[in-house]
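Asks: Here it is, the structure, as structure tokens.
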Amino acid sequence: RRGITTNANADADADADADASRKVLWRTGRIALWGRSMGAVVCILYGQRDPSVCGIVMDSPFSRLGPLMVELARDQAGFKLPQIFLKSVVGILRRSIRKRAGFDINDADPLASAPLSFIPALFGHGLDDNFIKVHHSQKLCDAYAGDKNLITFDGDHNAHRPEFFVTSVIIFLHNVFSEPSVGRAPKEHEQERQVEDNADGAQGNGDQDDEDLQKALALSLSMT
């Protein structure tokens, strides 16, 4: 599902999307998450709770919301503001948001989730991003417990992503989806799956081709 995630219900939305995807993709029982900016943060927060997700792509995530707000306030001011003043303003905003939206900005803390996340992850970030600076992705990648890779590229927060990054994402997703599935199809589909598996057995020659392709793609990813 493609959409814009900006509110406090984003985590619940991710739950609903994941459940809906599993019902549609029952043949594999596997899903991956791909998010940008706040959507990337939702991916890591949700993935830390659901290890059945096979892969996560995070484009321009922030590491912590509070420090990001301080950075943005400092940049927008155009001159140096005392740190204690900025933290006081963020504290006021935190209380206001919690009162009006029932959401604590300190809960948006992907850096705390990163050491608890073991799902294969691919990070991407524009080197010229002045909204969420690249050091946020670097901190998350360094703290991330699972297999991970960080790809940086020219461009700002909203710039068109270069072809080599999109290709890397495709290779990454191919690899994680090619891993043996740990899930099982719902019972009502098991008989249909058995029929399909029997039919696939007659195509044994294609299995080696798929294995060779997977090895080639894995090699390409390791060279990025």
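Here's how to read the names in the structure tokens: chain A, B, ... by the order shown, residue numbers from 1 in each chain, ligand numbers from 1 in the order shown.
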So that I can see what lies close to Leu140 of chain A, please list as a ChimeraX atom specification the residues with an atom at most 9 Å from it, counting only C-alpha atoms and leaving out residues fewer than 4 positions away in the same chain.
Replies: /A:61-63,110-111,114-115,123,135-136,144
Asks: For C-alpha atoms, I'd like the residues from the last selection saved as a PDB file, in the first residue's frame.
Replies:
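The result, written out as part-v8.pdb:
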```pdb
ATOM      1  CA  PRO A  61      14.493   8.144   8.530  1.00  0.00           C
ATOM      2  CA  PHE A  62      15.167  10.254  11.616  1.00  0.00           C
ATOM      3  CA  SER A  63      16.806   8.721  14.666  1.00  0.00           C
ATOM      4  CA  PRO A 110      13.593   4.439  16.333  1.00  0.00           C
ATOM      5  CA  LEU A 111      17.119   4.625  17.765  1.00  0.00           C
ATOM      6  CA  ALA A 114      17.333  -0.408  16.346  1.00  0.00           C
ATOM      7  CA  PRO A 115      19.349  -2.625  18.753  1.00  0.00           C
ATOM      8  CA  PHE A 123      18.977   2.373   4.589  1.00  0.00           C
ATOM      9  CA  HIS A 135      23.687  11.478  10.327  1.00  0.00           C
ATOM     10  CA  HIS A 136      20.257  10.212  11.437  1.00  0.00           C
ATOM     11  CA  TYR A 144      20.836  -1.713  14.061  1.00  0.00           C
TER      12      TYR A 144
END
```
Asks: Please list as a list in words every residue within 9 Å of Ser37 of chain A, counting only C-alpha atoms and excluding residues in the same chain fewer than 6 positions away.
Replies: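 In the requested form, the answer reads Thr5, Met58, Asp59, Ser60, Pro61, Phe62, Ile132 and His157 of chain A.
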Asks: Could you tell me how far atom CA of Ser113 of chain A lies from atom CA of Ser168 of chain A, in Å and to one decimal?
Replies: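 Answer for the atom CA of Ser113 of chain A to atom CA of Ser168 of chain A separation: 24.3 Å.
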Asks: Can you tell me, as a VMD selection string, which residues in segment 86-144 of chain A count as alpha helix (DSSP H) by DSSP?
Replies: chain A and resid 86 to 101 110 to 113 135 to 143
Asks: Quick one: of A:Leu86, A:Ala73, A:Val57, A:Leu45, who's nearest to Ile170 of chain A, counting only C-alpha atoms?
Replies: A:Val57
Asks: One decimal, in Å: what's the spacing between atom CA of Met69 of chain A and atom CA of Lys87 of chain A?
Replies: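 For atom CA of Met69 of chain A relative to atom CA of Lys87 of chain A, the distance reads 9.2 Å.
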Asks: Work out how far atom CA of Gln76 of chain A is from atom CA of Leu150 of chain A, in Å to one decimal.
Replies: 27.8 Å
Asks: Taking only C-alpha atoms into account, name the residue in A:Leu173, A:Arg161, A:Pro67, A:Ala112 that is nearest to Gly91 of chain A.
Replies: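 Of the candidates, the smallest distance to Gly91 of chain A is held by A:Pro67.
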Asks: Which residue is closest to Ala40 of chain A? Choose from A:Asn158, A:Ile56, A:Val70, A:Val90 and count only C-alpha atoms.
Replies: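 Counting only C-alpha atoms, the residue closest to Ala40 of chain A is A:Ile56.
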Asks: What's the 9 Å shell around Asn130 of chain A, counting only C-alpha atoms, without same-chain residues fewer than 5 positions away, as an mmCIF file with C-alpha atoms, in the first residue's frame?
Replies:
```
data_model
loop_
_atom_site.group_PDB
_atom_site.id
_atom_site.type_symbol
_atom_site.label_atom_id
_atom_site.label_comp_id
_atom_site.auth_asym_id
_atom_site.auth_seq_id
_atom_site.Cartn_x
_atom_site.Cartn_y
_atom_site.Cartn_z
ATOM 1 C CA LEU A 72 14.986 22.164 12.543
ATOM 2 C CA ASP A 75 18.254 25.830 11.171
ATOM 3 C CA ASP A 156 17.927 16.429 -0.832
ATOM 4 C CA HIS A 157 14.963 15.087 1.126
#
```
Asks: Which residue is closest to Val169 of chain A? Choose from A:Ala145, A:Ala101, A:Trp34, A:Gly39 and count only C-alpha atoms.
Replies: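 Checking each candidate against Val169 of chain A, we get A:Trp34 as the closest.
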Asks: Using backbone DSSP assignments, extract all strand (DSSP E) residues from segment 109-153 of chain A; output them as a ChimeraX atom specification.
Replies: /A:121-126,148-153
Asks: Go ahead and write the residues just picked, N, CA and C atoms, as a short mmCIF file (atom, residue, chain, number, x, y, z; two decimals), in the first residue's frame.
Replies:
```
data_model
loop_
_atom_site.label_atom_id
_atom_site.label_comp_id
_atom_site.auth_asym_id
_atom_site.auth_seq_id
_atom_site.Cartn_x
_atom_site.Cartn_y
_atom_site.Cartn_z
N ALA A 121 17.87 -5.06 6.74
CA ALA A 121 17.44 -3.68 6.49
C ALA A 121 18.38 -3.00 5.51
N LEU A 122 17.79 -2.16 4.66
CA LEU A 122 18.54 -1.32 3.73
C LEU A 122 18.17 0.13 4.01
N PHE A 123 19.18 0.95 4.34
CA PHE A 123 18.98 2.37 4.59
C PHE A 123 19.42 3.16 3.36
N GLY A 124 18.72 4.25 3.09
CA GLY A 124 19.11 5.16 2.03
C GLY A 124 18.94 6.60 2.49
N HIS A 125 19.86 7.48 2.07
CA HIS A 125 19.74 8.88 2.52
C HIS A 125 20.47 9.80 1.54
N GLY A 126 19.84 10.94 1.25
CA GLY A 126 20.45 11.95 0.40
C GLY A 126 21.49 12.75 1.16
N LYS A 148 22.49 -5.17 7.75
CA LYS A 148 22.10 -3.84 7.29
C LYS A 148 23.11 -3.30 6.31
N ASN A 149 22.66 -2.30 5.55
CA ASN A 149 23.52 -1.61 4.60
C ASN A 149 22.98 -0.20 4.45
N LEU A 150 23.88 0.77 4.36
CA LEU A 150 23.50 2.17 4.17
C LEU A 150 24.02 2.66 2.83
N ILE A 151 23.12 3.16 2.01
CA ILE A 151 23.49 3.72 0.71
C ILE A 151 23.19 5.21 0.73
N THR A 152 24.20 6.02 0.44
CA THR A 152 24.01 7.46 0.34
C THR A 152 24.10 7.88 -1.13
N PHE A 153 23.46 8.99 -1.45
CA PHE A 153 23.42 9.46 -2.83
C PHE A 153 23.23 10.97 -2.84
#
```
